[in-house]
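Data block for query_15.txt (compact mmCIF, C-alpha atoms):
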# COMPACT_ATOMS: atom_id res chain seq x y z
CA ALA A 1 -30.89 8.67 -34.16
CA ILE A 2 -28.25 6.29 -35.51
CA ILE A 3 -25.50 8.52 -34.15
CA GLY A 4 -27.21 8.56 -30.75
CA VAL A 5 -27.42 4.77 -30.68
CA LEU A 6 -23.76 4.50 -31.65
CA ILE A 7 -22.74 6.89 -28.89
CA VAL A 8 -24.76 4.97 -26.29
CA GLY A 9 -23.28 1.71 -27.58
CA ILE A 10 -19.75 3.08 -27.31
CA ILE A 11 -20.42 4.30 -23.75
CA ILE A 12 -21.80 0.90 -22.71
CA ALA A 13 -18.93 -0.97 -24.36
CA ASN A 14 -16.42 1.33 -22.70
CA PHE A 15 -18.15 0.84 -19.34
CA LEU A 16 -17.98 -2.95 -19.64
CA TRP A 17 -14.37 -2.89 -20.82
CA LEU A 18 -13.27 -0.69 -17.92
CA LEU A 19 -15.11 -2.95 -15.48
CA PHE A 20 -13.32 -5.95 -16.96
CA ILE A 21 -9.97 -4.20 -16.64
CA ALA A 22 -10.77 -3.33 -13.02
CA ILE A 23 -11.33 -6.92 -11.98
CA LYS A 24 -9.47 -9.04 -14.56
CA GLY A 25 -6.28 -9.33 -12.55
CA HIS A 26 -8.18 -10.51 -9.53
CA LEU A 27 -10.15 -13.03 -11.59
CA ILE A 28 -6.89 -14.38 -12.95
CA THR A 29 -5.36 -14.65 -9.49
CA LYS A 30 -8.41 -16.49 -8.18
CA LEU A 31 -8.30 -18.94 -11.07
CA CYS A 32 -4.56 -19.43 -10.58
CA ALA A 33 -4.67 -19.62 -6.78
CA ASN A 34 -3.29 -23.17 -6.84
CA LEU A 35 -0.61 -22.31 -9.40
CA GLU A 36 1.57 -20.03 -7.30
CA GLU A 37 4.79 -18.78 -8.86
CA ASP A 38 8.08 -19.48 -7.12
CA LEU A 39 8.94 -15.95 -6.05
CA THR A 40 12.41 -16.98 -4.87
CA VAL A 41 13.31 -18.02 -8.42
CA LYS A 42 11.60 -15.10 -10.12
CA TYR A 43 12.91 -12.33 -7.85
CA GLY A 44 15.32 -13.63 -5.20
CA THR A 45 15.49 -15.30 -1.81
CA TRP A 46 15.19 -12.26 0.47
CA ALA A 47 12.38 -9.72 0.87
CA ILE A 48 12.33 -6.48 2.84
CA VAL A 49 9.09 -5.28 4.40
CA THR A 50 8.92 -1.87 6.05
CA GLY A 51 6.27 -1.11 8.66
CA CYS A 52 5.99 -4.84 9.26
CA THR A 53 4.77 -5.26 12.84
CA ASP A 54 1.08 -4.51 12.23
CA GLY A 55 -1.51 -4.33 9.48
CA ILE A 56 -0.64 -4.87 5.84
CA GLY A 57 3.09 -5.09 6.54
CA ARG A 58 2.74 -7.90 9.06
CA ALA A 59 0.34 -9.82 6.83
CA TYR A 60 2.48 -9.31 3.71
CA SER A 61 5.54 -10.57 5.63
CA GLU A 62 3.65 -13.75 6.45
CA GLU A 63 2.58 -14.27 2.84
CA LEU A 64 6.14 -13.83 1.59
CA ALA A 65 7.49 -16.19 4.25
CA ARG A 66 4.81 -18.73 3.34
CA ARG A 67 6.15 -18.54 -0.22
CA GLY A 68 9.63 -19.40 1.09
CA LEU A 69 11.33 -16.00 1.15
CA ASN A 70 13.61 -14.94 3.97
CA ILE A 71 12.42 -11.66 5.46
CA VAL A 72 14.16 -8.46 6.53
CA LEU A 73 11.77 -6.79 8.95
CA ILE A 74 12.15 -3.03 9.39
CA SER A 75 10.12 -1.09 11.93
CA ARG A 76 10.59 1.16 14.95
CA ASN A 77 9.46 -1.20 17.75
CA GLU A 78 12.21 -3.69 18.59
CA GLU A 79 10.01 -5.82 20.84
CA LYS A 80 7.40 -6.27 18.12
CA LEU A 81 10.12 -6.95 15.54
CA ILE A 82 11.60 -9.75 17.66
CA ALA A 83 8.16 -11.30 18.14
CA ALA A 84 7.34 -11.11 14.42
CA ALA A 85 10.71 -12.58 13.41
CA SER A 86 10.38 -15.45 15.87
CA GLU A 87 6.90 -16.29 14.60
CA LEU A 88 7.98 -16.28 10.95
CA GLU A 89 11.02 -18.47 11.60
CA THR A 90 9.02 -20.99 13.63
CA LYS A 91 5.95 -21.11 11.43
CA TYR A 92 7.56 -21.02 7.98
CA ASN A 93 11.14 -22.23 8.56
CA VAL A 94 12.70 -19.14 6.97
CA ARG A 95 15.53 -16.84 8.01
CA THR A 96 14.86 -13.33 9.24
CA LYS A 97 16.78 -10.17 10.00
CA ILE A 98 15.43 -7.26 12.01
CA ILE A 99 16.41 -3.62 11.61
CA VAL A 100 15.11 -1.10 14.12
CA ALA A 101 14.38 2.16 12.32
CA ASP A 102 12.00 5.03 12.92
CA PHE A 103 11.48 6.47 9.44
CA SER A 104 10.05 9.69 10.85
CA LYS A 105 13.64 10.66 11.75
CA GLY A 106 14.51 11.33 8.12
CA ARG A 107 17.77 10.90 6.22
CA GLU A 108 20.00 10.03 9.19
CA LEU A 109 18.70 6.44 9.20
CA PHE A 110 19.55 5.26 5.75
CA GLY A 111 23.32 4.95 6.06
CA ASP A 112 22.90 2.43 8.86
CA ILE A 113 20.17 0.54 6.99
CA GLU A 114 22.41 0.33 3.92
CA LYS A 115 25.26 -1.15 5.99
CA GLN A 116 22.97 -3.77 7.51
CA LEU A 117 21.77 -4.83 4.05
CA GLN A 118 25.23 -5.15 2.46
CA GLN A 119 25.35 -8.95 2.62
CA ILE A 120 21.74 -9.51 1.57
CA GLN A 121 20.54 -9.98 -2.00
CA VAL A 122 17.14 -8.32 -1.95
CA GLY A 123 14.63 -9.88 -4.32
CA ILE A 124 11.52 -8.00 -3.20
CA LEU A 125 11.11 -4.68 -1.41
CA VAL A 126 7.69 -3.88 0.04
CA ASN A 127 7.53 -0.17 0.80
CA ASN A 128 4.63 -0.48 3.19
CA VAL A 129 5.47 1.87 6.04
CA GLY A 130 3.07 4.78 6.11
CA LYS A 131 1.39 7.31 8.33
CA GLN A 132 -1.83 9.25 8.08
CA TYR A 133 -3.54 11.81 10.30
CA THR A 134 -4.59 10.61 13.76
CA TYR A 135 -8.10 11.46 12.57
CA PRO A 136 -9.52 13.71 9.82
CA MET A 137 -8.43 17.28 10.55
CA TYR A 138 -8.21 20.69 8.93
CA LEU A 139 -4.63 21.51 8.01
CA ALA A 140 -4.23 24.24 10.64
CA GLU A 141 -5.18 21.71 13.34
CA VAL A 142 -2.58 19.11 12.43
CA PRO A 143 0.47 19.26 14.72
CA GLU A 144 3.63 20.31 12.87
CA ASP A 145 5.50 17.20 14.04
CA GLU A 146 2.75 14.99 12.65
CA LEU A 147 2.98 16.67 9.25
CA TRP A 148 6.76 16.17 9.11
CA ASP A 149 6.32 12.53 10.16
CA ILE A 150 3.86 11.97 7.31
CA ILE A 151 6.20 13.57 4.77
CA ASN A 152 9.33 11.75 6.00
CA ILE A 153 7.61 8.37 6.22
CA ASN A 154 5.34 8.36 3.18
CA ILE A 155 7.71 10.12 0.78
CA GLY A 156 11.19 9.92 2.28
CA ALA A 157 11.19 6.25 3.28
CA THR A 158 9.64 5.08 0.01
CA THR A 159 12.15 7.05 -2.04
CA MET A 160 15.30 6.17 -0.13
CA MET A 161 14.55 2.48 0.44
CA THR A 162 13.92 2.15 -3.28
CA ARG A 163 17.22 3.85 -4.06
CA LEU A 164 19.05 1.51 -1.68
CA VAL A 165 17.93 -1.73 -3.34
CA LEU A 166 17.76 -0.72 -7.01
CA PRO A 167 21.49 -1.07 -7.87
CA GLN A 168 21.69 -4.75 -6.91
CA MET A 169 18.39 -5.54 -8.64
CA ILE A 170 19.63 -3.87 -11.81
CA ALA A 171 22.90 -5.82 -11.61
CA ARG A 172 21.01 -9.13 -11.31
CA LYS A 173 18.39 -8.13 -13.90
CA LYS A 174 15.58 -9.13 -11.57
CA GLY A 175 13.71 -7.93 -8.52
CA ALA A 176 10.41 -6.39 -7.48
CA ILE A 177 9.48 -3.23 -5.64
CA VAL A 178 5.95 -3.02 -4.23
CA ASN A 179 4.89 0.49 -3.25
CA VAL A 180 1.83 0.50 -1.02
CA SER A 181 -0.18 3.65 -1.68
CA SER A 182 -3.87 4.28 -0.97
CA SER A 183 -7.13 5.08 -2.72
CA ALA A 184 -6.60 8.54 -1.19
CA GLU A 185 -4.42 9.18 -4.26
CA LEU A 186 -7.47 9.24 -6.55
CA GLN A 187 -8.56 12.81 -5.81
CA PRO A 188 -7.80 15.71 -3.48
CA LEU A 189 -9.00 14.63 -0.04
CA PRO A 190 -10.05 17.41 2.34
CA LEU A 191 -9.34 16.72 6.03
CA MET A 192 -6.64 14.24 4.98
CA THR A 193 -4.99 16.77 2.69
CA VAL A 194 -1.29 16.10 3.22
CA TYR A 195 -1.70 12.33 3.59
CA ALA A 196 -3.56 12.11 0.27
CA ALA A 197 -0.98 14.33 -1.43
CA THR A 198 1.85 12.03 -0.32
CA LYS A 199 0.01 9.09 -1.87
CA VAL A 200 -0.18 10.93 -5.18
CA PHE A 201 3.61 11.12 -4.92
CA VAL A 202 3.81 7.34 -4.39
CA ARG A 203 1.66 6.72 -7.47
CA ASN A 204 3.62 9.05 -9.76
CA PHE A 205 6.94 7.86 -8.33
CA SER A 206 5.99 4.26 -9.11
CA GLU A 207 4.78 4.99 -12.63
CA ALA A 208 7.92 6.94 -13.52
CA LEU A 209 10.22 4.28 -12.05
CA ARG A 210 8.47 1.62 -14.09
CA VAL A 211 9.45 3.44 -17.28
CA GLU A 212 13.00 4.10 -16.08
CA TYR A 213 13.76 0.48 -15.18
CA GLN A 214 11.55 -1.66 -17.40
CA LYS A 215 14.63 -2.50 -19.50
CA ASP A 216 16.48 -3.76 -16.41
CA GLY A 217 14.13 -6.57 -15.40
CA VAL A 218 12.88 -4.81 -12.25
CA THR A 219 9.15 -5.07 -11.54
CA ILE A 220 7.58 -1.94 -10.04
CA GLN A 221 4.12 -2.53 -8.62
CA HIS A 222 1.88 0.10 -7.09
CA LEU A 223 -0.96 -0.94 -4.74
CA SER A 224 -3.94 1.33 -4.02
CA PRO A 225 -6.07 -0.29 -1.31
CA PHE A 226 -9.33 1.19 -0.12
CA PHE A 227 -10.33 0.92 3.56
CA LEU A 228 -8.97 -1.98 5.62
CA ASN A 229 -9.76 -3.02 9.16
CA THR A 230 -6.41 -1.99 10.65
CA LYS A 231 -5.11 0.19 13.46
CA MET A 232 -4.45 2.99 10.99
CA ASN A 233 -8.20 3.43 10.53
CA ALA A 234 -9.09 3.19 14.22
CA PHE A 235 -10.45 6.75 14.19
CA SER A 236 -13.89 5.41 13.18
CA HIS A 237 -15.82 2.42 14.52
CA ARG A 238 -17.29 2.05 11.01
CA LEU A 239 -13.91 0.77 9.79
CA GLN A 240 -13.21 -1.61 12.68
CA SER A 241 -15.24 -4.62 11.60
CA ASN A 242 -14.57 -6.89 8.63
CA SER A 243 -16.86 -6.75 5.62
CA LEU A 244 -16.76 -7.38 1.89
CA PHE A 245 -15.31 -3.94 1.20
CA VAL A 246 -13.37 -3.55 4.47
CA PRO A 247 -11.25 -6.72 4.74
CA ASP A 248 -8.67 -7.42 7.40
CA ALA A 249 -4.98 -7.18 6.55
CA ARG A 250 -4.50 -10.93 6.19
CA THR A 251 -7.29 -11.23 3.62
CA TYR A 252 -5.93 -8.24 1.74
CA ALA A 253 -2.32 -9.44 1.67
CA SER A 254 -3.21 -12.96 0.51
CA ASN A 255 -5.00 -11.42 -2.47
CA ALA A 256 -2.48 -8.66 -3.16
CA ILE A 257 0.55 -10.93 -3.34
CA ARG A 258 -1.06 -12.95 -6.14
CA THR A 259 -1.16 -9.81 -8.29
CA LEU A 260 2.63 -9.34 -8.09
CA GLY A 261 4.10 -9.85 -11.54
CA ARG A 262 0.64 -9.88 -13.10
CA LEU A 263 -0.58 -6.32 -12.53
CA LYS A 264 1.58 -3.19 -12.58
CA HIS A 265 -1.06 -1.23 -10.68
CA SER A 266 -3.70 -2.89 -8.54
CA THR A 267 -5.99 -2.23 -5.63
CA GLY A 268 -4.72 -5.59 -4.38
CA TYR A 269 -8.16 -6.96 -3.55
CA TRP A 270 -11.00 -7.89 -5.89
CA ALA A 271 -13.76 -5.98 -4.05
CA HIS A 272 -11.54 -2.90 -3.96
CA GLY A 273 -11.14 -3.30 -7.72
CA ILE A 274 -14.91 -2.86 -8.05
CA GLN A 275 -14.78 0.16 -5.73
CA TYR A 276 -11.96 1.63 -7.80
CA PHE A 277 -14.01 1.35 -10.97
CA PHE A 278 -17.10 3.07 -9.59
CA THR A 279 -15.10 5.62 -7.58
CA THR A 280 -13.26 6.90 -10.66
CA MET A 281 -16.38 7.30 -12.80
CA PRO A 282 -17.47 10.75 -11.49
CA PRO A 283 -15.35 13.84 -12.25
CA THR A 284 -12.65 14.81 -9.77
CA TRP A 285 -14.61 17.67 -8.18
CA ILE A 286 -17.48 15.34 -7.26
CA ARG A 287 -15.07 12.75 -5.82
CA THR A 288 -13.44 15.50 -3.77
CA LEU A 289 -16.79 16.56 -2.29
CA ILE A 290 -17.68 12.95 -1.50
CA GLY A 291 -14.31 12.46 0.19
CA ALA A 292 -14.81 15.60 2.26
CA TYR A 293 -18.28 14.43 3.33
CA MET A 294 -16.99 11.00 4.37
CA ASN A 295 -14.11 12.49 6.32
CA GLN A 296 -16.50 14.80 8.16
CA ILE A 297 -18.39 11.67 9.28
CA PHE A 298 -15.18 9.94 10.38
CA ARG A 299 -14.08 13.13 12.15
CA ARG A 300 -17.32 13.24 14.13
CA ASP A 301 -16.93 9.54 14.98
CA TYR A 302 -13.49 10.17 16.44
CA LEU A 303 -14.38 13.33 18.33
CA PHE A 304 -17.58 11.81 19.72
CA SER A 305 -15.78 8.66 20.89
CA ASN A 306 -13.14 10.83 22.57
CA LYS A 307 -15.74 12.97 24.38
CA HIS A 308 -15.29 16.13 22.32
CA ASP A 309 -18.18 18.50 21.65
CA VAL A 310 -19.23 17.82 18.05
CA THR A 311 -22.17 20.22 17.93
CA PHE A 312 -20.48 22.76 15.68
CA LEU A 313 -18.13 20.52 13.71

File written out as C-alpha cells:
Amino acid sequence: AIIGVLIVGIIIANFLWLLFIAIKGHLITKLCANLEEDLTVKYGTWAIVTGCTDGIGRAYSEELARRGLNIVLISRNEEKLIAAASELETKYNVRTKIIVADFSKGRELFGDIEKQLQQIQVGILVNNVGKQYTYPMYLAEVPEDELWDIININIGATTMMTRLVLPQMIARKKGAIVNVSSSAELQPLPLMTVYAATKVFVRNFSEALRVEYQKDGVTIQHLSPFFLNTKMNAFSHRLQSNSLFVPDARTYASNAIRTLGRLKHSTGYWAHGIQYFFTTMPPTWIRTLIGAYMNQIFRRDYLFSNKHDVTFL
C-alpha cells in the first residue's frame, strides 16, 4: 500500500512539474512584459525574416521593428514586400531591405541572397517561411511539385539561411536564430505526412545546432506553434476564427518574441503551452490516431467547401 501511494505521489508530482515547465516561460514573459530586453544590444541591429508578407512572418517583422531592429524582408511577392517595408519604415522609423526570393526554387537562390546580405550585420534570423499541403491528403494524391516545394522550403531554406548567417554571428559572439516549426513535429501525422516529417527535421536541426554553437554565443530557438488563424490553415473554417487556442498571428508573435533568450524551445504562446503538455501525455500511437482523425475532419471541410463529393472519404 505504501509503495502504491508513493507511486501515485510521484506521478502527481511529475504531472505538476511538467505542467509548470510547459507554462513557466510564458508566465515569466507575462510578468516581465514591461521589462523588454534591448534586442539590438543583445543580438544586433538587423533581423532577417523569411516568409514575411503574411501570417507569423509579417507579425514577427512588426514585433522586431517595434523593438527597434532594422528588417530584411525575404519573400517571393515583390509587391507585398514593398508594402510591408513601407509600413514598417513609416510606423516604426526603422530601415528595411527587401529580397525577392522563391525558396521553392532550391539552391540556385542562395548565392544571390548571400551577396545582398554582405554589408548587413545580422543579429536575428527568423526562419519562418514554410509550406504545408493545400489540404489534408493521402500521399499518392499530393502533386509532385507540391511535395518538392515543401521539401525545398521547409528543409532547404531553413538549412541554407542558417548557414549563411552563422559565420558572422560566430565572429561577433552573439546572434539569434529562430526556427519556426509546428506542433506537427510531435508525432507522425497522417494526411500531412511529408509536412509533419519536415517539421521533425526542423526540431532536430535546431537541437543539434544548439549543442554545436552554444560555446559561440549564438542563441538557437525552436518554436512549435499549434493552430493559428492564418492563410496557411484556410482549408478548414474551424481554424478561421480567433479563439483562446487559435490566436491570430499578431497575438502569437507578440507572445513568442518575449520568449526569445528565455526559452530554447517554446510553443510561443501560453495557451499552446497548455496544449503541448496535454498533447504529449498519451503515447505516440494514440497521438497519431488522433491526428489522423482530425485531419480527416479538416479534409472533409475542404472538400465540402469546394463542392467535392465527400460521401466516401

*Closest to Ile74 in chain A among A:Met161, A:Ala196, A:Leu6, A:Val41, using all atoms listed in the file?*
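Once distances to Ile74 in chain A are computed over all atoms listed in the file, the minimum belongs to A:Met161.
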
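Contact shell of Ile220 in chain A at 10 Å (all atoms listed in the file; same-chain neighbours under 2 positions omitted): Ile124, Leu125, Gly175, Ala176, Ile177, Val178, Asn179, Phe205, Ser206, Glu207, Ala208, Leu209, Arg210, Val211, Tyr213, Gln214, Gly217, Val218, His222, Leu260, Gly261, Leu263, Lys264 and His265 of chain A.
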
Produce a file of the selected residues containing C-alpha atoms, as a PDB file, in the coordinates of the input.
ATOM      1  CA  ILE A 124      11.520  -8.000  -3.200  1.00  0.00           C
ATOM      2  CA  LEU A 125      11.110  -4.680  -1.410  1.00  0.00           C
ATOM      3  CA  GLY A 175      13.710  -7.930  -8.520  1.00  0.00           C
ATOM      4  CA  ALA A 176      10.410  -6.390  -7.480  1.00  0.00           C
ATOM      5  CA  ILE A 177       9.480  -3.230  -5.640  1.00  0.00           C
ATOM      6  CA  VAL A 178       5.950  -3.020  -4.230  1.00  0.00           C
ATOM      7  CA  ASN A 179       4.890   0.490  -3.250  1.00  0.00           C
ATOM      8  CA  PHE A 205       6.940   7.860  -8.330  1.00  0.00           C
ATOM      9  CA  SER A 206       5.990   4.260  -9.110  1.00  0.00           C
ATOM     10  CA  GLU A 207       4.780   4.990 -12.630  1.00  0.00           C
ATOM     11  CA  ALA A 208       7.920   6.940 -13.520  1.00  0.00           C
ATOM     12  CA  LEU A 209      10.220   4.280 -12.050  1.00  0.00           C
ATOM     13  CA  ARG A 210       8.470   1.620 -14.090  1.00  0.00           C
ATOM     14  CA  VAL A 211       9.450   3.440 -17.280  1.00  0.00           C
ATOM     15  CA  TYR A 213      13.760   0.480 -15.180  1.00  0.00           C
ATOM     16  CA  GLN A 214      11.550  -1.660 -17.400  1.00  0.00           C
ATOM     17  CA  GLY A 217      14.130  -6.570 -15.400  1.00  0.00           C
ATOM     18  CA  VAL A 218      12.880  -4.810 -12.250  1.00  0.00           C
ATOM     19  CA  HIS A 222       1.880   0.100  -7.090  1.00  0.00           C
ATOM     20  CA  LEU A 260       2.630  -9.340  -8.090  1.00  0.00           C
ATOM     21  CA  GLY A 261       4.100  -9.850 -11.540  1.00  0.00           C
ATOM     22  CA  LEU A 263      -0.580  -6.320 -12.530  1.00  0.00           C
ATOM     23  CA  LYS A 264       1.580  -3.190 -12.580  1.00  0.00           C
ATOM     24  CA  HIS A 265      -1.060  -1.230 -10.680  1.00  0.00           C
TER      25      HIS A 265
END

_Shell around Met294 in chain A at 12 Å using all atoms listed in the file, local window under 4 positions removed, as a ChimeraX atom specification_ = /A:136,189-192,236,238-239,287-290,298-301

*asked:* Measuring between all atoms listed in the file, which one of A:Ser183, A:Gln221, A:Asn306, A:Asn93 shows the shortest distance to His237 in chain A?
replied: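 Nearest to His237 in chain A: A:Asn306.
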
*asked:* Just checking: using only C-alpha atoms, which residue out of A:Ala234, A:Leu244, A:Ile150, A:Val8 ends up closest to Phe103 in chain A?
replied: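 Using only C-alpha atoms, the shortest distance to Phe103 in chain A belongs to A:Ile150.
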
*Distance CA of Lys199 in chain A-CA of Thr279 in chain A, one decimal place?*
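Interatomic distance here is 16.5 Å.
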
_Among the residues A:Lys91, A:Arg172, A:Arg58, A:Arg203, the one that comes closest to Asn128 in chain A [using all atoms listed in the file]_ = A:Arg58

*Best match for closeness to Leu39 in chain A among A:Gln116, A:Asn152, A:Asn70, A:Ser241, counting all atoms listed in the file*: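 Closest to Leu39 in chain A, using all atoms listed in the file: A:Asn70.
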
_Nearest to Ile99 in chain A by atom-to-atom distance, counting all atoms listed in the file, from A:Arg76, A:Arg67, A:Arg163, A:Arg250_ =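 Smallest distance to Ile99 in chain A is found for A:Arg76.
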
*What does the distance from CA of Ser181 in chain A to CA of Glu63 in chain A come to in Å, to one decimal?*
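Taking CA of Ser181 in chain A as the start and CA of Glu63 in chain A as the end point, the length is 18.7 Å.
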
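Here CA of Asp149 in chain A is placed at a distance of 23.0 Å from CA of Gln296 in chain A.
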
*Step by step: start from the point (1.1, 7.9, 11.4) in the file's coordinates, keep every protein, DNA or RNA residue that has an atom no farther than 10 Å from it, count only C-alpha atoms, and write the set as a count of residues only.*
16

Could you give me, as a PDB file with C-alpha atoms, keeping the file's coordinate frame, the residues within 8 Å of Thr267 in chain A, counting all atoms listed in the file and dropping anything in the same chain fewer than 5 positions from it?
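This went into around30.pdb:
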ATOM      1  CA  SER A 183      -7.130   5.080  -2.720  1.00  0.00           C
ATOM      2  CA  LEU A 223      -0.960  -0.940  -4.740  1.00  0.00           C
ATOM      3  CA  SER A 224      -3.940   1.330  -4.020  1.00  0.00           C
ATOM      4  CA  PRO A 225      -6.070  -0.290  -1.310  1.00  0.00           C
ATOM      5  CA  PHE A 226      -9.330   1.190  -0.120  1.00  0.00           C
ATOM      6  CA  ALA A 256      -2.480  -8.660  -3.160  1.00  0.00           C
ATOM      7  CA  HIS A 272     -11.540  -2.900  -3.960  1.00  0.00           C
ATOM      8  CA  GLY A 273     -11.140  -3.300  -7.720  1.00  0.00           C
ATOM      9  CA  TYR A 276     -11.960   1.630  -7.800  1.00  0.00           C
TER      10      TYR A 276
END

Extract, using only C-alpha atoms, all DNA, RNA and protein residues at most 12 Å from Pro247 in chain A, discarding same-chain residues fewer than 5 positions from it, and format them as a compact mmCIF listing (two decimals) with C-alpha atoms, keeping the file's coordinate frame.
# COMPACT_ATOMS: atom_id res chain seq x y z
CA GLY A 55 -1.51 -4.33 9.48
CA ILE A 56 -0.64 -4.87 5.84
CA PRO A 225 -6.07 -0.29 -1.31
CA PHE A 226 -9.33 1.19 -0.12
CA PHE A 227 -10.33 0.92 3.56
CA LEU A 228 -8.97 -1.98 5.62
CA ASN A 229 -9.76 -3.02 9.16
CA THR A 230 -6.41 -1.99 10.65
CA LEU A 239 -13.91 0.77 9.79
CA GLN A 240 -13.21 -1.61 12.68
CA SER A 241 -15.24 -4.62 11.60
CA ASN A 242 -14.57 -6.89 8.63
CA TYR A 252 -5.93 -8.24 1.74
CA ALA A 253 -2.32 -9.44 1.67
CA SER A 254 -3.21 -12.96 0.51
CA ASN A 255 -5.00 -11.42 -2.47
CA ALA A 256 -2.48 -8.66 -3.16
CA GLY A 268 -4.72 -5.59 -4.38
CA TYR A 269 -8.16 -6.96 -3.55
CA TRP A 270 -11.00 -7.89 -5.89
CA ALA A 271 -13.76 -5.98 -4.05
CA HIS A 272 -11.54 -2.90 -3.96

List every residue of range 147-220 of chain A that has an atom at most 12 Å from any atom of range 117-120 of chain A, giving for each one its closest atom pair and the distance in Å to one decimal, counting all atoms listed in the file, sorted by chain and then by ascending residue number, as a Markdown table.
| residue | atom | partner | partner_atom | distance |
| --- | --- | --- | --- | --- |
| A:Met161 | CA | A:Leu117 | CA | 10.9 |
| A:Leu164 | CA | A:Leu117 | CA | 9.0 |
| A:Val165 | CA | A:Leu117 | CA | 8.9 |
| A:Pro167 | CA | A:Gln118 | CA | 11.7 |
| A:Gln168 | CA | A:Ile120 | CA | 9.7 |
| A:Met169 | CA | A:Ile120 | CA | 11.5 |

*For Glu89 in chain A: contacts at 9 Å, all atoms listed in the file, fewer than 5 positions along chain excluded, given as a ChimeraX atom specification*: /A:65,70,84,94-96
